[in-house]
file model-v5.cif (mmCIF, C-alpha atoms)
data_coords
#
loop_
_atom_site.label_atom_id
_atom_site.label_comp_id
_atom_site.auth_asym_id
_atom_site.auth_seq_id
_atom_site.Cartn_x
_atom_site.Cartn_y
_atom_site.Cartn_z
CA MET A 1 6.94 -30.48 -7.44
CA ARG A 2 6.28 -27.02 -8.83
CA LEU A 3 4.45 -27.08 -12.14
CA THR A 4 6.16 -25.05 -14.83
CA VAL A 5 3.97 -25.83 -17.86
CA LYS A 6 0.76 -23.84 -17.80
CA ARG A 7 -2.44 -23.86 -19.78
CA LEU A 8 -4.50 -20.86 -20.80
CA LEU A 9 -8.22 -20.52 -20.18
CA PRO A 10 -10.48 -18.08 -22.05
CA ALA A 11 -11.57 -15.11 -19.99
CA CYS A 12 -14.46 -15.71 -17.62
CA LEU A 13 -17.86 -14.30 -18.54
CA LEU A 14 -20.00 -12.08 -16.35
CA THR A 15 -23.50 -10.99 -17.22
CA ALA A 16 -24.59 -7.39 -17.15
CA ALA A 17 -27.15 -8.37 -14.54
CA THR A 18 -24.37 -9.03 -12.04
CA ILE A 19 -23.06 -5.50 -12.28
CA ALA A 20 -26.55 -4.06 -12.26
CA GLY A 21 -27.06 -5.72 -8.89
CA LEU A 22 -24.19 -3.96 -7.13
CA GLN A 23 -25.29 -2.43 -3.84
CA HIS A 24 -22.31 -0.39 -2.66
CA PRO A 25 -22.68 3.27 -3.66
CA ALA A 26 -19.09 3.53 -4.86
CA ALA A 27 -19.74 0.83 -7.43
CA ALA A 28 -22.16 3.05 -9.30
CA THR A 29 -20.08 6.22 -9.18
CA PRO A 30 -19.27 7.21 -12.76
CA GLY A 31 -16.63 9.73 -11.71
CA SER A 32 -14.44 7.36 -9.72
CA ALA A 33 -11.69 7.54 -12.35
CA GLY A 34 -11.68 11.33 -12.02
CA LEU A 35 -11.64 11.04 -8.25
CA GLY A 36 -8.50 8.90 -8.49
CA GLN A 37 -6.84 11.47 -10.71
CA ALA A 38 -7.77 14.22 -8.26
CA ALA A 39 -6.38 12.19 -5.35
CA ARG A 40 -3.09 11.67 -7.18
CA GLN A 41 -2.83 15.36 -8.05
CA GLN A 42 -3.54 16.36 -4.46
CA ALA A 43 -0.96 13.89 -3.14
CA ARG A 44 1.73 15.17 -5.50
CA ALA A 45 0.84 18.81 -4.86
CA ALA A 46 1.11 18.33 -1.10
CA GLY A 47 4.73 17.25 -1.50
CA VAL A 48 4.48 14.81 1.39
CA PRO A 49 4.35 10.99 1.44
CA THR A 50 0.99 9.25 1.23
CA VAL A 51 0.50 6.39 3.68
CA VAL A 52 -1.66 3.48 2.53
CA LEU A 53 -2.84 1.07 5.25
CA THR A 54 -3.72 -2.37 3.90
CA PHE A 55 -4.93 -5.49 5.73
CA ASP A 56 -4.73 -8.99 4.30
CA ASP A 57 -6.78 -12.18 4.74
CA GLY A 58 -10.09 -10.92 6.20
CA THR A 59 -9.51 -12.29 9.68
CA ALA A 60 -12.21 -11.67 12.29
CA ASP A 61 -10.18 -9.05 14.17
CA HIS A 62 -10.33 -6.71 11.18
CA LEU A 63 -13.80 -5.47 12.12
CA ALA A 64 -12.31 -4.01 15.31
CA VAL A 65 -9.34 -2.73 13.31
CA ALA A 66 -11.67 -0.87 10.94
CA LYS A 67 -13.34 0.77 13.93
CA MET A 68 -9.94 1.80 15.31
CA LEU A 69 -9.11 3.47 12.02
CA SER A 70 -12.49 5.18 11.74
CA ARG A 71 -12.22 6.69 15.22
CA ARG A 72 -9.02 8.38 14.06
CA GLY A 73 -10.42 9.55 10.75
CA LEU A 74 -8.33 7.06 8.76
CA LYS A 75 -9.37 4.71 5.95
CA GLY A 76 -7.82 1.37 5.05
CA THR A 77 -7.95 -1.24 2.29
CA PHE A 78 -9.08 -4.70 3.44
CA TYR A 79 -8.21 -7.60 1.12
CA VAL A 80 -10.39 -10.68 1.66
CA SER A 81 -10.65 -14.19 0.26
CA SER A 82 -14.35 -14.69 -0.39
CA GLY A 83 -14.13 -18.45 0.11
CA ARG A 84 -13.13 -17.91 3.74
CA LEU A 85 -15.90 -15.49 4.69
CA GLY A 86 -18.04 -16.83 7.49
CA LYS A 87 -15.55 -19.51 8.49
CA ARG A 88 -14.04 -19.74 11.95
CA GLY A 89 -11.53 -16.98 12.56
CA TYR A 90 -12.62 -14.94 9.52
CA LEU A 91 -15.04 -12.09 8.88
CA SER A 92 -18.68 -12.79 8.17
CA VAL A 93 -20.28 -11.14 5.17
CA ALA A 94 -22.21 -8.89 7.56
CA ALA A 95 -18.97 -7.82 9.26
CA LEU A 96 -17.37 -7.10 5.89
CA ARG A 97 -20.36 -4.97 4.93
CA ALA A 98 -19.99 -3.08 8.23
CA ILE A 99 -16.35 -2.36 7.33
CA ALA A 100 -17.34 -1.10 3.87
CA LYS A 101 -20.12 1.04 5.36
CA GLN A 102 -17.49 2.90 7.39
CA GLY A 103 -15.87 4.00 4.13
CA HIS A 104 -13.02 1.49 4.01
CA GLU A 105 -12.07 -0.16 0.74
CA ILE A 106 -12.72 -3.87 0.15
CA GLY A 107 -10.30 -5.67 -2.17
CA GLY A 108 -9.93 -9.20 -3.52
CA HIS A 109 -7.41 -11.79 -2.31
CA THR A 110 -8.41 -14.95 -4.28
CA LEU A 111 -10.98 -17.56 -3.29
CA GLN A 112 -8.83 -19.71 -1.00
CA HIS A 113 -5.46 -17.91 -0.59
CA PRO A 114 -3.20 -20.25 -2.65
CA HIS A 115 0.36 -19.81 -3.90
CA LEU A 116 -0.63 -18.61 -7.36
CA PRO A 117 2.65 -19.27 -9.26
CA GLU A 118 2.39 -22.98 -8.39
CA MET A 119 -0.92 -23.25 -10.26
CA PHE A 120 -1.87 -23.63 -13.92
CA ASP A 121 -3.14 -20.43 -15.50
CA ALA A 122 -6.69 -21.79 -15.57
CA ALA A 123 -6.63 -22.38 -11.82
CA GLN A 124 -5.14 -18.94 -11.17
CA GLN A 125 -7.91 -17.40 -13.23
CA THR A 126 -10.56 -19.27 -11.24
CA GLN A 127 -9.04 -18.12 -7.95
CA ILE A 128 -8.73 -14.47 -8.97
CA CYS A 129 -11.72 -13.92 -11.26
CA ASP A 130 -14.26 -15.98 -9.32
CA ASP A 131 -13.26 -14.30 -6.07
CA ARG A 132 -13.82 -10.87 -7.58
CA ARG A 133 -17.09 -12.01 -9.16
CA THR A 134 -18.32 -13.25 -5.76
CA LEU A 135 -17.43 -10.01 -4.00
CA LEU A 136 -19.12 -7.96 -6.72
CA LYS A 137 -22.28 -10.04 -6.36
CA MET A 138 -22.18 -9.34 -2.62
CA GLY A 139 -22.34 -5.64 -3.45
CA PHE A 140 -18.72 -4.57 -2.89
CA ALA A 141 -17.03 -2.13 -5.27
CA VAL A 142 -13.91 -4.24 -5.73
CA ARG A 143 -11.15 -2.50 -7.69
CA SER A 144 -7.97 -3.61 -5.88
CA PHE A 145 -6.28 -7.01 -5.55
CA ALA A 146 -3.46 -8.37 -3.37
CA TYR A 147 -1.42 -11.50 -4.12
CA PRO A 148 -1.57 -14.13 -1.34
CA PHE A 149 1.85 -14.51 0.29
CA GLY A 150 3.07 -11.83 -2.11
CA ALA A 151 3.62 -14.71 -4.55
CA LEU A 152 3.23 -13.79 -8.23
CA ASP A 153 4.61 -14.41 -11.68
CA GLU A 154 3.96 -12.85 -15.07
CA ALA A 155 0.87 -14.99 -15.55
CA SER A 156 -0.50 -13.89 -12.16
CA LYS A 157 -0.03 -10.25 -13.10
CA ARG A 158 -1.68 -10.66 -16.48
CA ILE A 159 -4.63 -12.60 -15.07
CA ALA A 160 -5.21 -10.18 -12.18
CA MET A 161 -5.55 -7.26 -14.54
CA SER A 162 -7.64 -9.26 -17.04
CA CYS A 163 -10.12 -9.99 -14.22
CA GLY A 164 -10.94 -6.29 -14.10
CA TYR A 165 -8.76 -5.11 -11.24
CA ASN A 166 -7.26 -1.63 -11.43
CA SER A 167 -4.28 -2.59 -9.28
CA ALA A 168 -2.63 -5.64 -7.75
CA ARG A 169 -0.47 -5.22 -4.64
CA ASP A 170 2.75 -7.07 -3.85
CA ILE A 171 4.18 -7.29 -0.31
CA ASN A 172 7.75 -6.29 -1.18
CA GLY A 173 9.70 -3.89 -3.37
CA LEU A 174 10.26 -0.95 -1.01
CA TYR A 175 13.08 -0.25 1.42
CA ARG A 176 13.81 -2.68 4.25
CA PRO A 177 16.66 -2.04 6.71
CA ASP A 178 17.75 -5.68 6.69
CA SER A 179 17.30 -7.02 3.17
CA CYS A 180 16.42 -4.25 0.71
CA ARG A 181 18.46 -1.19 1.60
CA ALA A 182 18.88 -0.24 -2.06
CA CYS A 183 15.13 -0.40 -2.76
CA PRO A 184 13.14 2.83 -3.20
CA VAL A 185 11.65 4.34 -0.07
CA THR A 186 8.30 5.08 -1.71
CA GLU A 187 6.22 3.79 -4.59
CA THR A 188 5.46 6.31 -7.32
CA ILE A 189 2.04 7.92 -7.68
CA PRO A 190 0.57 6.42 -9.80
CA PRO A 191 2.42 3.12 -9.22
CA ALA A 192 5.13 2.23 -11.73
CA ASP A 193 3.53 -1.18 -12.32
CA LEU A 194 -0.18 -1.38 -11.52
CA ALA A 195 0.02 -5.19 -11.66
CA ALA A 196 2.71 -5.28 -8.95
CA VAL A 197 2.32 -2.31 -6.61
CA ARG A 198 5.30 -2.19 -4.28
CA ALA A 199 4.82 -2.21 -0.51
CA THR A 200 6.75 -2.35 2.74
CA SER A 201 7.18 -5.73 4.37
CA GLN A 202 7.72 -5.98 8.11
CA THR A 203 7.91 -9.78 8.27
CA ARG A 204 10.75 -10.84 10.60
CA LEU A 205 11.19 -7.24 11.75
CA PRO A 206 10.08 -6.02 15.20
CA ARG A 207 6.45 -4.99 14.68
CA THR A 208 6.61 -2.04 17.03
CA ALA A 209 5.17 1.43 16.57
CA ARG A 210 8.72 2.74 16.40
CA THR A 211 9.69 0.39 13.57
CA LEU A 212 6.54 1.25 11.63
CA ARG A 213 7.07 4.98 12.13
CA GLU A 214 10.61 4.71 10.76
CA PHE A 215 9.29 3.65 7.34
CA VAL A 216 7.27 6.87 7.20
CA THR A 217 9.91 9.21 8.61
CA ARG A 218 12.46 7.88 6.12
CA ALA A 219 9.97 8.63 3.34
CA GLN A 220 9.48 12.13 4.77
CA ARG A 221 13.23 12.68 4.64
CA GLU A 222 14.07 10.96 1.37
CA GLY A 223 11.04 9.80 -0.57
CA GLY A 224 9.15 12.92 -1.54
CA PRO A 225 5.49 12.75 -2.63
CA GLY A 226 5.33 8.99 -3.20
CA MET A 227 3.34 6.40 -1.29
CA VAL A 228 4.29 4.05 1.54
CA THR A 229 1.99 1.04 1.56
CA PHE A 230 1.89 -1.02 4.76
CA VAL A 231 0.81 -4.66 4.79
CA PHE A 232 -0.82 -5.83 8.03
CA HIS A 233 -2.29 -9.20 8.88
CA GLU A 234 -3.83 -10.05 12.24
CA ILE A 235 -3.76 -7.44 14.98
CA LYS A 236 -3.37 -9.60 18.06
CA ASN A 237 -1.07 -10.41 20.96
CA GLU A 238 0.89 -13.37 19.64
CA PRO A 239 4.67 -12.82 19.71
CA ARG A 240 5.34 -16.17 17.99
CA ASP A 241 3.29 -15.17 14.93
CA LYS A 242 5.69 -13.42 12.56
CA TYR A 243 2.77 -11.79 10.73
CA ALA A 244 0.86 -10.46 13.75
CA THR A 245 1.04 -6.94 15.19
CA ALA A 246 0.20 -6.32 18.84
CA PRO A 247 -2.89 -4.11 19.32
CA LYS A 248 -0.98 -1.74 21.62
CA GLU A 249 1.76 -1.17 19.02
CA PHE A 250 -0.74 -0.83 16.19
CA ALA A 251 -2.81 1.71 18.14
CA ALA A 252 0.30 3.75 18.95
CA PHE A 253 1.28 3.74 15.29
CA ILE A 254 -2.08 4.85 13.91
CA ASP A 255 -2.33 7.51 16.64
CA TRP A 256 0.93 8.90 15.30
CA VAL A 257 -0.25 8.57 11.68
CA ALA A 258 -3.41 10.53 12.51
CA GLN A 259 -1.33 13.25 14.20
CA GLN A 260 1.04 13.48 11.23
CA ARG A 261 -1.89 13.72 8.87
CA LYS A 262 -3.50 16.49 10.94
CA ALA A 263 -0.19 18.36 10.83
CA LYS A 264 -0.19 17.91 7.02
CA LYS A 265 3.13 16.06 7.16
CA ILE A 266 1.63 13.03 5.42
CA ASP A 267 -1.53 12.13 3.54
CA VAL A 268 -3.50 8.90 4.13
CA ARG A 269 -5.62 7.28 1.43
CA THR A 270 -6.87 3.90 0.29
CA LEU A 271 -5.06 2.26 -2.58
CA GLY A 272 -8.21 2.35 -4.70
CA ASP A 273 -8.56 6.10 -4.20
CA LEU A 274 -4.96 6.72 -5.26
CA VAL A 275 -5.10 4.48 -8.32
CA GLY A 276 -8.61 5.50 -9.32
CA GLY A 277 -10.56 3.92 -12.14
CA SER A 278 -14.12 2.67 -12.37
CA VAL A 279 -15.47 -0.66 -11.13
CA SER A 280 -15.20 -2.85 -14.20
CA PRO A 281 -17.07 -6.13 -14.78
CA VAL A 282 -15.20 -9.41 -14.84
CA PRO A 283 -14.73 -10.02 -18.60
#

call {"tool": "encode", "arguments": {"input": "model-v5.cif", "output": "structure tokens"}}
result
Amino acid sequence: MRLTVKRLLPACLLTAATIAGLQHPAAATPGSAGLGQAARQQARAAGVPTVVLTFDDGTADHLAVAKMLSRRGLKGTFYVSSGRLGKRGYLSVAALRAIAKQGHEIGGHTLQHPHLPEMFDAAQQTQICDDRRTLLKMGFAVRSFAYPFGALDEASKRIAMSCGYNSARDINGLYRPDSCRACPVTETIPPADLAAVRATSQTRLPRTARTLREFVTRAQREGGPGMVTFVFHEIKNEPRDKYATAPKEFAAFIDWVAQQRKAKKIDVRTLGDLVGGSVSPVP
């Protein structure tokens, strides 16, 4: 049974020593808020859509995915659940550091990937805040969050932002040809709701390069200088997995994205760069 009565927990505490121990250079950059503002201004001035490539769950294949992006001059946002790091099928801490070293963004995704709205507020806060605290202690400049399963309620949104995140990404809210034809083609820059950043969802759609391209070309035709945020999971050959994208199709898509970017028909940025803001402590 889904629990509907929730209890509040005071905000978690984090010592100044935790933040002082951050290792990632971006974490100590005082001008990161200004950089975000500059990125937004550049994106709007260009008058073309900005593509944001995000990857959920921290599965082991994402190290190779990060290398694929880097070879094409692209950067992505990788959302990881810290409680899964080092477990079978998931990234090790060393692999995650290798991804960050390539310039990709690391974001939080809760400790254990639960359905947040089914939990008391106190449990949600533990999942979201403790995950971010753990990633910060590991040295990652964690500013962005993604809701597991795209499941959220008003409490989830409030808690995510109270844990010090600058944005929290949904998996829905933008145009889909089958179920959301009236939805906007792009998210605004900056996002209309930082606690529920809208994204494209390809679940149950053919995950081909052609299908993925069509989200961008529609934005080029209709969306203007907004952002199209893609949500990827595992990049693997498994047709029965409704969340997986075949490596061949993914490679063809990011080849095209890199070409479009070179032609200045789109921009490509991480979500953290577009939203901006400093790396705040967990209150």

call {"tool": "resolve_selection", "arguments": {"input": "model-v5.cif", "expression": "the PyMOL selection byres ((chain A and resi 210) around 12)", "output": "JSON, numbers by chain"}}
result
{"A": [205, 206, 207, 208, 209, 211, 212, 213, 214, 215, 216, 217, 248, 249, 250, 251, 252, 253, 254, 256, 257]}

call {"tool": "resolve_selection", "arguments": {"input": "model-v5.cif", "expression": "the PyMOL selection byres ((chain A and resi 224-234) around 8)", "output": "ChimeraX atom specification"}}
result
/A:43-57,59,61-62,171,185-189,198-202,215-216,219-223,235-236,243-245

call {"tool": "atom_distance", "arguments": {"input": "model-v5.cif", "atom1": "CA of Cys180 (chain A)", "atom2": "CA of Ser167 (chain A)"}}
result
23.0 Å

call {"tool": "atom_distance", "arguments": {"input": "model-v5.cif", "atom1": "CA of Met161 (chain A)", "atom2": "CA of Pro148 (chain A)"}}
result
15.4 Å

call {"tool": "closest_residue", "arguments": {"input": "model-v5.cif", "among": "A:Asn166, A:Thr270, A:Ser92, A:Ser82", "to": "Leu69 (chain A)", "atoms": "only C-alpha atoms"}}
result
A:Thr270

call {"tool": "atom_distance", "arguments": {"input": "model-v5.cif", "atom1": "CA of Asp170 (chain A)", "atom2": "CA of Val197 (chain A)"}}
result
5.5 Å

call {"tool": "residues_around", "arguments": {"input": "model-v5.cif", "residues": "Gln102 (chain A)", "least_positions_apart": "2", "cutoff": "10 Å", "atoms": "only C-alpha atoms", "output": "ChimeraX atom specification"}}
result
/A:66-67,69-70,75,97-100,104-105

call {"tool": "closest_residue", "arguments": {"input": "model-v5.cif", "among": "A:Met68, A:Leu74, A:Leu135, A:Ala60", "to": "Gln259 (chain A)", "atoms": "only C-alpha atoms"}}
result
A:Leu74

call {"tool": "residues_around", "arguments": {"input": "model-v5.cif", "residues": "Glu154 (chain A)", "least_positions_apart": "4", "cutoff": "9 Å", "atoms": "all atoms listed in the file", "output": "list in words"}}
result
Pro117, Arg158 and Ile159 of chain A

call {"tool": "resolve_selection", "arguments": {"input": "model-v5.cif", "expression": "the PyMOL selection byres ((chain A and resi 271) around 8)", "output": "list in words"}}
result
Val52, Thr77, Ser144, Arg269, Thr270, Gly272, Asp273, Leu274 and Val275 of chain A

call {"tool": "write_last_selection", "arguments": {"input": "model-v5.cif", "atoms": "C-alpha atoms", "output": "compact mmCIF listing (two decimals), keeping the file's coordinate frame"}}
result
# COMPACT_ATOMS: atom_id res chain seq x y z
CA VAL A 52 -1.66 3.48 2.53
CA THR A 77 -7.95 -1.24 2.29
CA SER A 144 -7.97 -3.61 -5.88
CA ARG A 269 -5.62 7.28 1.43
CA THR A 270 -6.87 3.90 0.29
CA GLY A 272 -8.21 2.35 -4.70
CA ASP A 273 -8.56 6.10 -4.20
CA LEU A 274 -4.96 6.72 -5.26
CA VAL A 275 -5.10 4.48 -8.32

call {"tool": "axis_aligned_box", "arguments": {"input": "model-v5.cif", "around": "region 128-136 of chain A", "padding_each_side": "4 Å", "output": "lines of an AutoDock Vina configuration file"}}
result
center_x = -13.9
center_y = -12.0
center_z = -7.6
size_x = 18.4
size_y = 16.0
size_z = 15.3

call {"tool": "closest_residue", "arguments": {"input": "model-v5.cif", "among": "A:Ala192, A:Leu63, A:Val279, A:Ala160", "to": "Leu96 (chain A)", "atoms": "only C-alpha atoms"}}
result
A:Leu63
